[in-house]
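Raw contents of run33.cif, mmCIF, C-alpha atoms:
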data_entry
#
loop_
_atom_site.group_PDB
_atom_site.id
_atom_site.type_symbol
_atom_site.label_atom_id
_atom_site.label_comp_id
_atom_site.auth_asym_id
_atom_site.auth_seq_id
_atom_site.Cartn_x
_atom_site.Cartn_y
_atom_site.Cartn_z
ATOM 1 C CA MET O 1 6.964 -4.402 11.072
ATOM 2 C CA LYS O 2 6.808 -1.535 8.605
ATOM 3 C CA ASN O 3 8.530 -3.112 5.606
ATOM 4 C CA PRO O 4 10.277 -6.402 6.428
ATOM 5 C CA THR O 5 11.281 -6.982 2.803
ATOM 6 C CA TYR O 6 13.170 -3.678 2.581
ATOM 7 C CA ILE O 7 14.899 -4.208 5.938
ATOM 8 C CA LYS O 8 15.854 -7.739 4.943
ATOM 9 C CA GLU O 9 17.356 -6.590 1.645
ATOM 10 C CA VAL O 10 19.523 -4.012 3.417
ATOM 11 C CA PHE O 11 20.835 -6.196 6.233
ATOM 12 C CA GLU O 12 21.415 -9.310 4.119
ATOM 13 C CA ASN O 13 24.377 -7.427 2.613
ATOM 14 C CA VAL O 14 26.167 -6.866 5.944
ATOM 15 C CA LYS O 15 29.478 -8.728 5.761
ATOM 16 C CA TYR O 16 30.419 -9.041 9.432
ATOM 17 C CA THR O 17 28.563 -12.061 10.843
ATOM 18 C CA ARG O 18 28.746 -14.459 13.782
ATOM 19 C CA LYS O 19 27.831 -18.136 13.742
ATOM 20 C CA LEU O 20 26.479 -19.668 16.934
ATOM 21 C CA THR O 21 25.217 -23.084 17.926
ATOM 22 C CA LYS O 22 21.967 -24.010 19.661
ATOM 23 C CA GLY O 23 21.927 -22.692 23.233
ATOM 24 C CA ASP O 24 24.588 -20.011 22.713
ATOM 25 C CA ILE O 25 23.809 -16.550 24.083
ATOM 26 C CA ILE O 26 23.683 -13.752 21.496
ATOM 27 C CA TYR O 27 23.550 -11.010 24.117
ATOM 28 C CA HIS O 28 22.914 -10.789 27.873
ATOM 29 C CA GLN O 29 20.369 -8.827 29.868
ATOM 30 C CA GLY O 30 22.124 -5.917 31.563
ATOM 31 C CA ASP O 31 24.912 -5.617 28.988
ATOM 32 C CA SER O 32 25.642 -2.345 27.220
ATOM 33 C CA ALA O 33 24.460 -2.403 23.597
ATOM 34 C CA SER O 34 27.231 -1.476 21.185
ATOM 35 C CA SER O 35 25.486 -3.313 18.338
ATOM 36 C CA PHE O 36 22.292 -5.023 17.264
ATOM 37 C CA TYR O 37 21.777 -8.138 15.181
ATOM 38 C CA TYR O 38 20.058 -9.297 12.010
ATOM 39 C CA LEU O 39 19.187 -12.994 12.021
ATOM 40 C CA LYS O 40 20.336 -14.413 8.687
ATOM 41 C CA LYS O 41 19.764 -18.100 9.471
ATOM 42 C CA GLY O 42 18.020 -20.102 12.172
ATOM 43 C CA ARG O 43 15.782 -19.208 15.129
ATOM 44 C CA ALA O 44 16.418 -17.311 18.354
ATOM 45 C CA ARG O 45 14.623 -16.653 21.637
ATOM 46 C CA VAL O 46 14.366 -13.242 23.312
ATOM 47 C CA PHE O 47 13.702 -13.522 27.050
ATOM 48 C CA MET O 48 13.854 -11.699 30.375
ATOM 49 C CA THR O 49 15.250 -13.126 33.614
ATOM 50 C CA SER O 50 13.720 -12.100 36.944
ATOM 51 C CA PRO O 51 15.828 -11.544 40.093
ATOM 52 C CA ASP O 52 14.921 -15.058 41.295
ATOM 53 C CA GLY O 53 16.201 -16.594 38.049
ATOM 54 C CA ALA O 54 12.861 -17.281 36.373
ATOM 55 C CA GLU O 55 12.824 -16.744 32.596
ATOM 56 C CA HIS O 56 9.985 -15.316 30.518
ATOM 57 C CA THR O 57 10.057 -15.553 26.729
ATOM 58 C CA LEU O 58 9.211 -12.289 24.994
ATOM 59 C CA SER O 59 9.409 -13.495 21.410
ATOM 60 C CA THR O 60 10.816 -16.087 19.040
ATOM 61 C CA ALA O 61 12.759 -14.629 16.122
ATOM 62 C CA ARG O 62 13.253 -16.220 12.722
ATOM 63 C CA ALA O 63 15.548 -15.560 9.791
ATOM 64 C CA GLY O 64 14.949 -12.047 8.463
ATOM 65 C CA GLU O 65 14.246 -10.466 11.853
ATOM 66 C CA ILE O 66 16.230 -8.015 13.990
ATOM 67 C CA LEU O 67 17.349 -8.518 17.589
ATOM 68 C CA GLY O 68 18.556 -6.133 20.288
ATOM 69 C CA GLU O 69 17.955 -2.895 18.430
ATOM 70 C CA ALA O 70 15.975 -1.074 21.151
ATOM 71 C CA ALA O 71 18.869 -0.893 23.641
ATOM 72 C CA PHE O 72 21.255 0.019 20.805
ATOM 73 C CA PHE O 73 19.196 3.070 19.846
ATOM 74 C CA ASP O 74 18.326 4.076 23.419
ATOM 75 C CA LYS O 75 21.915 3.649 24.685
ATOM 76 C CA ILE O 76 20.672 1.872 27.802
ATOM 77 C CA PRO O 77 21.608 -1.539 29.256
ATOM 78 C CA ARG O 78 19.770 -4.403 27.619
ATOM 79 C CA ILE O 79 16.505 -5.336 29.347
ATOM 80 C CA SER O 80 16.452 -8.820 27.820
ATOM 81 C CA SER O 81 18.720 -11.619 26.632
ATOM 82 C CA ALA O 82 18.695 -13.578 23.383
ATOM 83 C CA SER O 83 19.826 -17.139 22.742
ATOM 84 C CA ALA O 84 20.036 -19.438 19.717
ATOM 85 C CA LEU O 85 17.240 -22.002 19.367
ATOM 86 C CA SER O 86 19.156 -23.659 16.523
ATOM 87 C CA ASN O 87 22.450 -23.176 14.775
ATOM 88 C CA ILE O 88 22.274 -19.575 13.616
ATOM 89 C CA GLU O 89 24.111 -16.847 11.743
ATOM 90 C CA VAL O 90 23.660 -13.200 12.691
ATOM 91 C CA ALA O 91 24.878 -10.039 11.005
ATOM 92 C CA VAL O 92 26.390 -7.696 13.591
ATOM 93 C CA ILE O 93 25.480 -4.027 13.098
ATOM 94 C CA ASN O 94 27.555 -1.614 15.169
ATOM 95 C CA GLU O 95 27.275 2.186 15.098
ATOM 96 C CA GLU O 96 29.755 2.632 12.266
ATOM 97 C CA THR O 97 27.999 0.049 10.116
ATOM 98 C CA PHE O 98 24.575 1.530 10.880
ATOM 99 C CA ILE O 99 25.668 5.053 9.915
ATOM 100 C CA THR O 100 27.093 3.722 6.647
ATOM 101 C CA LEU O 101 23.876 1.850 5.878
ATOM 102 C CA THR O 102 21.599 4.825 6.589
ATOM 103 C CA ARG O 103 23.688 7.021 4.305
ATOM 104 C CA GLU O 104 23.377 4.460 1.532
ATOM 105 C CA TYR O 105 19.726 3.633 2.277
ATOM 106 C CA PRO O 106 18.045 6.784 3.712
ATOM 107 C CA GLN O 107 14.670 5.043 4.014
ATOM 108 C CA LEU O 108 16.118 2.534 6.481
ATOM 109 C CA ALA O 109 15.722 4.846 9.503
ATOM 110 C CA LEU O 110 11.992 5.257 8.835
ATOM 111 C CA GLU O 111 11.524 1.537 8.378
ATOM 112 C CA LEU O 112 13.223 0.854 11.706
ATOM 113 C CA LEU O 113 10.990 3.414 13.434
ATOM 114 C CA GLY O 114 8.008 1.487 12.088
ATOM 115 C CA LEU O 115 9.532 -1.705 13.409
ATOM 116 C CA GLN O 116 9.913 -0.193 16.872
ATOM 117 C CA ALA O 117 6.278 0.918 16.902
ATOM 118 C CA ALA O 118 5.171 -2.592 15.939
ATOM 119 C CA ARG O 119 7.304 -4.085 18.726
ATOM 120 C CA VAL O 120 5.706 -1.815 21.335
ATOM 121 C CA LEU O 121 2.215 -2.815 20.188
ATOM 122 C CA GLU O 122 3.168 -6.499 20.225
ATOM 123 C CA LEU O 123 4.546 -6.322 23.779
ATOM 124 C CA SER O 124 1.460 -4.430 24.912
ATOM 125 C CA ALA O 125 -0.803 -7.099 23.423
ATOM 126 C CA GLN O 126 1.313 -9.804 25.058
ATOM 127 C CA LEU O 127 0.987 -8.122 28.459
ATOM 128 C CA ASP O 128 -2.789 -7.781 28.019
ATOM 129 C CA ALA O 129 -3.039 -11.465 27.101
ATOM 130 C CA MET O 130 -1.053 -12.570 30.148
ATOM 131 C CA THR O 131 -3.164 -10.347 32.397
ATOM 132 C CA PHE O 132 -6.669 -10.994 31.122
ATOM 133 C CA LEU O 133 -6.807 -14.182 29.027
ATOM 134 C CA LYS O 134 -7.224 -17.702 30.335
ATOM 135 C CA ALA O 135 -4.397 -20.184 29.785
ATOM 136 C CA ASP O 136 -6.046 -21.893 26.784
ATOM 137 C CA GLU O 137 -6.677 -18.519 25.132
ATOM 138 C CA ARG O 138 -3.065 -17.433 25.701
ATOM 139 C CA ILE O 139 -1.748 -20.640 24.170
ATOM 140 C CA ALA O 140 -4.104 -20.434 21.181
ATOM 141 C CA LYS O 141 -3.037 -16.822 20.634
ATOM 142 C CA GLU O 142 0.669 -17.743 20.797
ATOM 143 C CA ILE O 143 0.186 -20.576 18.303
ATOM 144 C CA LEU O 144 -1.650 -18.305 15.864
ATOM 145 C CA LYS O 145 1.059 -15.640 16.179
ATOM 146 C CA ASN O 146 3.769 -18.116 15.192
ATOM 147 C CA LEU O 147 2.045 -19.983 12.348
ATOM 148 C CA ASN O 148 4.062 -20.471 9.175
ATOM 149 C CA ASP O 149 2.596 -20.736 5.668
ATOM 150 C CA LYS O 150 2.066 -24.493 6.155
ATOM 151 C CA ASN O 151 -0.121 -23.936 9.235
ATOM 152 C CA GLU O 152 2.651 -25.319 11.420
ATOM 153 C CA VAL O 153 4.324 -23.951 14.541
ATOM 154 C CA CYS O 154 7.908 -24.922 15.336
ATOM 155 C CA LEU O 155 7.804 -24.299 19.089
ATOM 156 C CA THR O 156 8.442 -26.673 21.957
ATOM 157 C CA HIS O 157 6.189 -26.901 25.000
ATOM 158 C CA GLU O 158 8.869 -25.074 26.999
ATOM 159 C CA GLU O 159 8.943 -22.178 24.535
ATOM 160 C CA ILE O 160 5.145 -21.825 24.598
ATOM 161 C CA ALA O 161 5.168 -21.939 28.398
ATOM 162 C CA GLY O 162 7.798 -19.202 28.566
ATOM 163 C CA ALA O 163 5.897 -16.971 26.154
ATOM 164 C CA THR O 164 2.483 -17.359 27.802
ATOM 165 C CA GLY O 165 3.426 -17.340 31.492
ATOM 166 C CA VAL O 166 2.063 -20.807 32.278
ATOM 167 C CA THR O 167 3.817 -24.020 33.280
ATOM 168 C CA ARG O 168 5.019 -26.652 30.835
ATOM 169 C CA VAL O 169 2.563 -29.125 32.395
ATOM 170 C CA THR O 170 -0.310 -26.735 31.669
ATOM 171 C CA VAL O 171 0.827 -26.335 28.067
ATOM 172 C CA SER O 172 0.933 -30.121 27.608
ATOM 173 C CA LYS O 173 -2.559 -30.550 29.084
ATOM 174 C CA ILE O 174 -4.084 -27.811 26.928
ATOM 175 C CA LEU O 175 -2.396 -29.030 23.740
ATOM 176 C CA ARG O 176 -3.713 -32.501 24.499
ATOM 177 C CA THR O 177 -7.220 -31.030 24.830
ATOM 178 C CA PHE O 178 -6.772 -29.177 21.521
ATOM 179 C CA ARG O 179 -5.646 -32.427 19.912
ATOM 180 C CA GLU O 180 -8.691 -34.301 21.236
ATOM 181 C CA LYS O 181 -10.934 -31.589 19.751
ATOM 182 C CA GLY O 182 -9.291 -32.034 16.350
ATOM 183 C CA ILE O 183 -7.684 -28.582 16.364
ATOM 184 C CA LEU O 184 -4.109 -29.756 15.959
ATOM 185 C CA GLN O 185 -1.616 -32.595 15.873
ATOM 186 C CA THR O 186 1.689 -32.568 17.715
ATOM 187 C CA GLU O 187 5.094 -33.850 16.731
ATOM 188 C CA TYR O 188 8.465 -33.345 18.417
ATOM 189 C CA GLY O 189 9.201 -29.618 18.303
ATOM 190 C CA LYS O 190 6.314 -28.990 15.905
ATOM 191 C CA ILE O 191 2.553 -28.391 16.055
ATOM 192 C CA ILE O 192 0.403 -28.956 12.959
ATOM 193 C CA ILE O 193 -2.900 -27.087 12.840
ATOM 194 C CA THR O 194 -5.746 -29.182 11.409
ATOM 195 C CA ASP O 195 -8.669 -26.802 12.096
ATOM 196 C CA ILE O 196 -7.534 -23.179 11.907
ATOM 197 C CA ASN O 197 -11.056 -21.761 12.260
ATOM 198 C CA LEU O 198 -11.726 -23.656 15.480
ATOM 199 C CA LEU O 199 -8.378 -22.470 16.857
ATOM 200 C CA LYS O 200 -9.201 -18.847 15.977
ATOM 201 C CA SER O 201 -12.587 -19.167 17.690
ATOM 202 C CA LEU O 202 -10.792 -19.723 21.006
ATOM 203 C CA VAL O 203 -9.422 -16.176 21.013
ATOM 204 C CA ASN O 204 -12.483 -14.331 19.686
#
Write the structure described by the file as structure tokens, please.
Amino acid sequence: MKNPTYIKEVFENVKYTRKLTKGDIIYHQGDSASSFYYLKKGRARVFMTSPDGAEHTLSTARAGEILGEAAFFDKIPRISSASALSNIEVAVINEETFITLTREYPQLALELLGLQAARVLELSAQLDAMTFLKADERIAKEILKNLNDKNEVCLTHEEIAGATGVTRVTVSKILRTFREKGILQTEYGKIIITDINLLKSLVN
């Protein structure tokens, strides 16, 4: 992301918001995109659904991040869905609101272009990982990508499985192996990293 602090400052002031509960859909794959969303509170999952109904997680968004902007700018049907992983609040930015914001904050358009470039690189790296990395490397990489400042990851086994293209059973087995090696500890819905250097060595 080019300048997350600047983007956050702009979109925190948007007045029109929606509150959703865990499991609610923010937007659906295939829908037209008349708006995009700024996540003010909570966590959300962005995912794609294949024709046979299988879901693949593209990313997990946290407060301060933007959702659904690519389809809004491209004026094409959405290629992914987003759902609430917790109770959330999103600011809704439609075309009128966006035009008003860019007039007031001219730098915003450039910052969003930087964001789009970062998203493309992230998806490319994710595709490379799913194609070339072994399951334990994919999982280590996903954990490192989602670390907070306390060296914790608030992802369930299902969320990791969806993001890395492996089964939940495989995730559980690999996390158990990581735990036995002293790399991490697991709690419900949370992973605590105890040896960050050893974890990083798995993806080098």
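Ranking O:Cys154, O:Ile174, O:Leu115, O:Val166 by their shortest atom-to-atom distance to Asp136 (chain O), with only C-alpha atoms included, puts O:Ile174 first.
Distances here use only C-alpha atoms; by that measure, the residue among O:Phe178, O:Phe47, O:Tyr38, O:Phe98 closest to Gly165 (chain O) is O:Phe47.
Each of O:Lys75, O:Lys173, O:Lys190, O:Lys15 was checked against Leu101 (chain O) using all atoms listed in the file; the smallest atom-to-atom distance is that of O:Lys15.
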- Message: Report, in Å with one decimal, the straight-line distance from CA of Arg43 (chain O) to CA of Thr21 (chain O).
- Response: 10.6 Å
Using only C-alpha atoms, give me every residue within 7 Å of (23.4, 0.8, 19.0) in file coordinates, as a CSV table (one decimal) with C-alpha atoms, in the coordinates of the input.
chain,number,residue,atom,x,y,z
O,33,ALA,CA,24.5,-2.4,23.6
O,34,SER,CA,27.2,-1.5,21.2
O,35,SER,CA,25.5,-3.3,18.3
O,36,PHE,CA,22.3,-5.0,17.3
O,69,GLU,CA,18.0,-2.9,18.4
O,71,ALA,CA,18.9,-0.9,23.6
O,72,PHE,CA,21.3,0.0,20.8
O,73,PHE,CA,19.2,3.1,19.8
O,75,LYS,CA,21.9,3.6,24.7
O,94,ASN,CA,27.6,-1.6,15.2
O,95,GLU,CA,27.3,2.2,15.1
- Compare O:Val153, O:Ile192, O:Ile143, O:Ile79 by their minimum atom-to-atom distance to Arg179 (chain O), counting all atoms listed in the file, and give me the closest one. O:Ile192
How would region 79-115 of chain O read, as a PDB file, in the coordinates of the input, once N, CA and C atoms are built in?
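As a result, selection.pdb now contains:
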ATOM      1  N   ILE O  79      17.504  -4.877  28.393  1.00  0.00           N
ATOM      2  CA  ILE O  79      16.505  -5.336  29.347  1.00  0.00           C
ATOM      3  C   ILE O  79      16.131  -6.793  29.118  1.00  0.00           C
ATOM      4  N   SER O  80      16.735  -7.415  28.115  1.00  0.00           N
ATOM      5  CA  SER O  80      16.452  -8.820  27.820  1.00  0.00           C
ATOM      6  C   SER O  80      17.709  -9.499  27.309  1.00  0.00           C
ATOM      7  N   SER O  81      17.651 -10.809  27.222  1.00  0.00           N
ATOM      8  CA  SER O  81      18.720 -11.619  26.632  1.00  0.00           C
ATOM      9  C   SER O  81      18.190 -12.282  25.368  1.00  0.00           C
ATOM     10  N   ALA O  82      19.096 -12.811  24.559  1.00  0.00           N
ATOM     11  CA  ALA O  82      18.695 -13.578  23.383  1.00  0.00           C
ATOM     12  C   ALA O  82      19.614 -14.781  23.256  1.00  0.00           C
ATOM     13  N   SER O  83      19.036 -15.922  22.908  1.00  0.00           N
ATOM     14  CA  SER O  83      19.826 -17.139  22.742  1.00  0.00           C
ATOM     15  C   SER O  83      19.406 -17.857  21.470  1.00  0.00           C
ATOM     16  N   ALA O  84      20.293 -18.695  20.953  1.00  0.00           N
ATOM     17  CA  ALA O  84      20.036 -19.438  19.717  1.00  0.00           C
ATOM     18  C   ALA O  84      19.169 -20.657  20.013  1.00  0.00           C
ATOM     19  N   LEU O  85      18.084 -20.811  19.260  1.00  0.00           N
ATOM     20  CA  LEU O  85      17.240 -22.002  19.367  1.00  0.00           C
ATOM     21  C   LEU O  85      17.676 -23.087  18.388  1.00  0.00           C
ATOM     22  N   SER O  86      18.591 -22.731  17.500  1.00  0.00           N
ATOM     23  CA  SER O  86      19.156 -23.659  16.523  1.00  0.00           C
ATOM     24  C   SER O  86      20.528 -23.117  16.168  1.00  0.00           C
ATOM     25  N   ASN O  87      21.226 -23.780  15.299  1.00  0.00           N
ATOM     26  CA  ASN O  87      22.450 -23.176  14.775  1.00  0.00           C
ATOM     27  C   ASN O  87      22.056 -21.949  13.960  1.00  0.00           C
ATOM     28  N   ILE O  88      22.697 -20.827  14.241  1.00  0.00           N
ATOM     29  CA  ILE O  88      22.274 -19.575  13.616  1.00  0.00           C
ATOM     30  C   ILE O  88      23.465 -18.808  13.051  1.00  0.00           C
ATOM     31  N   GLU O  89      23.133 -17.831  12.215  1.00  0.00           N
ATOM     32  CA  GLU O  89      24.111 -16.847  11.743  1.00  0.00           C
ATOM     33  C   GLU O  89      23.478 -15.476  11.865  1.00  0.00           C
ATOM     34  N   VAL O  90      24.173 -14.562  12.524  1.00  0.00           N
ATOM     35  CA  VAL O  90      23.660 -13.200  12.691  1.00  0.00           C
ATOM     36  C   VAL O  90      24.634 -12.200  12.090  1.00  0.00           C
ATOM     37  N   ALA O  91      24.080 -11.186  11.428  1.00  0.00           N
ATOM     38  CA  ALA O  91      24.878 -10.039  11.005  1.00  0.00           C
ATOM     39  C   ALA O  91      24.963  -9.086  12.184  1.00  0.00           C
ATOM     40  N   VAL O  92      26.162  -8.594  12.461  1.00  0.00           N
ATOM     41  CA  VAL O  92      26.390  -7.696  13.591  1.00  0.00           C
ATOM     42  C   VAL O  92      26.449  -6.263  13.068  1.00  0.00           C
ATOM     43  N   ILE O  93      25.533  -5.418  13.566  1.00  0.00           N
ATOM     44  CA  ILE O  93      25.480  -4.027  13.098  1.00  0.00           C
ATOM     45  C   ILE O  93      25.900  -3.113  14.245  1.00  0.00           C
ATOM     46  N   ASN O  94      27.112  -2.582  14.162  1.00  0.00           N
ATOM     47  CA  ASN O  94      27.555  -1.614  15.169  1.00  0.00           C
ATOM     48  C   ASN O  94      27.240  -0.199  14.681  1.00  0.00           C
ATOM     49  N   GLU O  95      27.643   0.802  15.445  1.00  0.00           N
ATOM     50  CA  GLU O  95      27.275   2.186  15.098  1.00  0.00           C
ATOM     51  C   GLU O  95      27.873   2.608  13.766  1.00  0.00           C
ATOM     52  N   GLU O  96      29.112   2.251  13.526  1.00  0.00           N
ATOM     53  CA  GLU O  96      29.755   2.632  12.266  1.00  0.00           C
ATOM     54  C   GLU O  96      29.038   2.011  11.076  1.00  0.00           C
ATOM     55  N   THR O  97      28.711   0.726  11.195  1.00  0.00           N
ATOM     56  CA  THR O  97      27.999   0.049  10.116  1.00  0.00           C
ATOM     57  C   THR O  97      26.627   0.658   9.896  1.00  0.00           C
ATOM     58  N   PHE O  98      25.922   0.969  10.995  1.00  0.00           N
ATOM     59  CA  PHE O  98      24.575   1.530  10.880  1.00  0.00           C
ATOM     60  C   PHE O  98      24.599   2.895  10.190  1.00  0.00           C
ATOM     61  N   ILE O  99      25.559   3.736  10.552  1.00  0.00           N
ATOM     62  CA  ILE O  99      25.668   5.053   9.915  1.00  0.00           C
ATOM     63  C   ILE O  99      25.925   4.896   8.416  1.00  0.00           C
ATOM     64  N   THR O 100      26.807   3.972   8.061  1.00  0.00           N
ATOM     65  CA  THR O 100      27.093   3.722   6.647  1.00  0.00           C
ATOM     66  C   THR O 100      25.848   3.270   5.905  1.00  0.00           C
ATOM     67  N   LEU O 101      25.077   2.370   6.523  1.00  0.00           N
ATOM     68  CA  LEU O 101      23.876   1.850   5.878  1.00  0.00           C
ATOM     69  C   LEU O 101      22.818   2.929   5.699  1.00  0.00           C
ATOM     70  N   THR O 102      22.631   3.788   6.700  1.00  0.00           N
ATOM     71  CA  THR O 102      21.599   4.825   6.589  1.00  0.00           C
ATOM     72  C   THR O 102      21.973   5.888   5.565  1.00  0.00           C
ATOM     73  N   ARG O 103      23.269   6.096   5.365  1.00  0.00           N
ATOM     74  CA  ARG O 103      23.688   7.021   4.305  1.00  0.00           C
ATOM     75  C   ARG O 103      23.402   6.435   2.927  1.00  0.00           C
ATOM     76  N   GLU O 104      23.606   5.131   2.812  1.00  0.00           N
ATOM     77  CA  GLU O 104      23.377   4.460   1.532  1.00  0.00           C
ATOM     78  C   GLU O 104      21.893   4.197   1.289  1.00  0.00           C
ATOM     79  N   TYR O 105      21.160   3.937   2.382  1.00  0.00           N
ATOM     80  CA  TYR O 105      19.726   3.633   2.277  1.00  0.00           C
ATOM     81  C   TYR O 105      18.963   4.569   3.224  1.00  0.00           C
ATOM     82  N   PRO O 106      18.678   5.797   2.818  1.00  0.00           N
ATOM     83  CA  PRO O 106      18.045   6.784   3.712  1.00  0.00           C
ATOM     84  C   PRO O 106      16.706   6.330   4.290  1.00  0.00           C
ATOM     85  N   GLN O 107      15.984   5.488   3.552  1.00  0.00           N
ATOM     86  CA  GLN O 107      14.670   5.043   4.014  1.00  0.00           C
ATOM     87  C   GLN O 107      14.779   4.099   5.213  1.00  0.00           C
ATOM     88  N   LEU O 108      15.946   3.547   5.436  1.00  0.00           N
ATOM     89  CA  LEU O 108      16.118   2.534   6.481  1.00  0.00           C
ATOM     90  C   LEU O 108      15.699   3.054   7.855  1.00  0.00           C
ATOM     91  N   ALA O 109      16.052   4.296   8.186  1.00  0.00           N
ATOM     92  CA  ALA O 109      15.722   4.846   9.503  1.00  0.00           C
ATOM     93  C   ALA O 109      14.214   4.859   9.724  1.00  0.00           C
ATOM     94  N   LEU O 110      13.452   5.244   8.707  1.00  0.00           N
ATOM     95  CA  LEU O 110      11.992   5.257   8.835  1.00  0.00           C
ATOM     96  C   LEU O 110      11.428   3.857   9.000  1.00  0.00           C
ATOM     97  N   GLU O 111      11.992   2.910   8.268  1.00  0.00           N
ATOM     98  CA  GLU O 111      11.524   1.537   8.378  1.00  0.00           C
ATOM     99  C   GLU O 111      11.768   0.987   9.780  1.00  0.00           C
ATOM    100  N   LEU O 112      12.911   1.333  10.364  1.00  0.00           N
ATOM    101  CA  LEU O 112      13.223   0.854  11.706  1.00  0.00           C
ATOM    102  C   LEU O 112      12.339   1.517  12.757  1.00  0.00           C
ATOM    103  N   LEU O 113      11.946   2.772  12.534  1.00  0.00           N
ATOM    104  CA  LEU O 113      10.990   3.414  13.434  1.00  0.00           C
ATOM    105  C   LEU O 113       9.652   2.676  13.400  1.00  0.00           C
ATOM    106  N   GLY O 114       9.238   2.269  12.213  1.00  0.00           N
ATOM    107  CA  GLY O 114       8.008   1.487  12.088  1.00  0.00           C
ATOM    108  C   GLY O 114       8.120   0.156  12.803  1.00  0.00           C
ATOM    109  N   LEU O 115       9.286  -0.445  12.708  1.00  0.00           N
ATOM    110  CA  LEU O 115       9.532  -1.705  13.409  1.00  0.00           C
ATOM    111  C   LEU O 115       9.402  -1.527  14.913  1.00  0.00           C
TER     112      LEU O 115
END
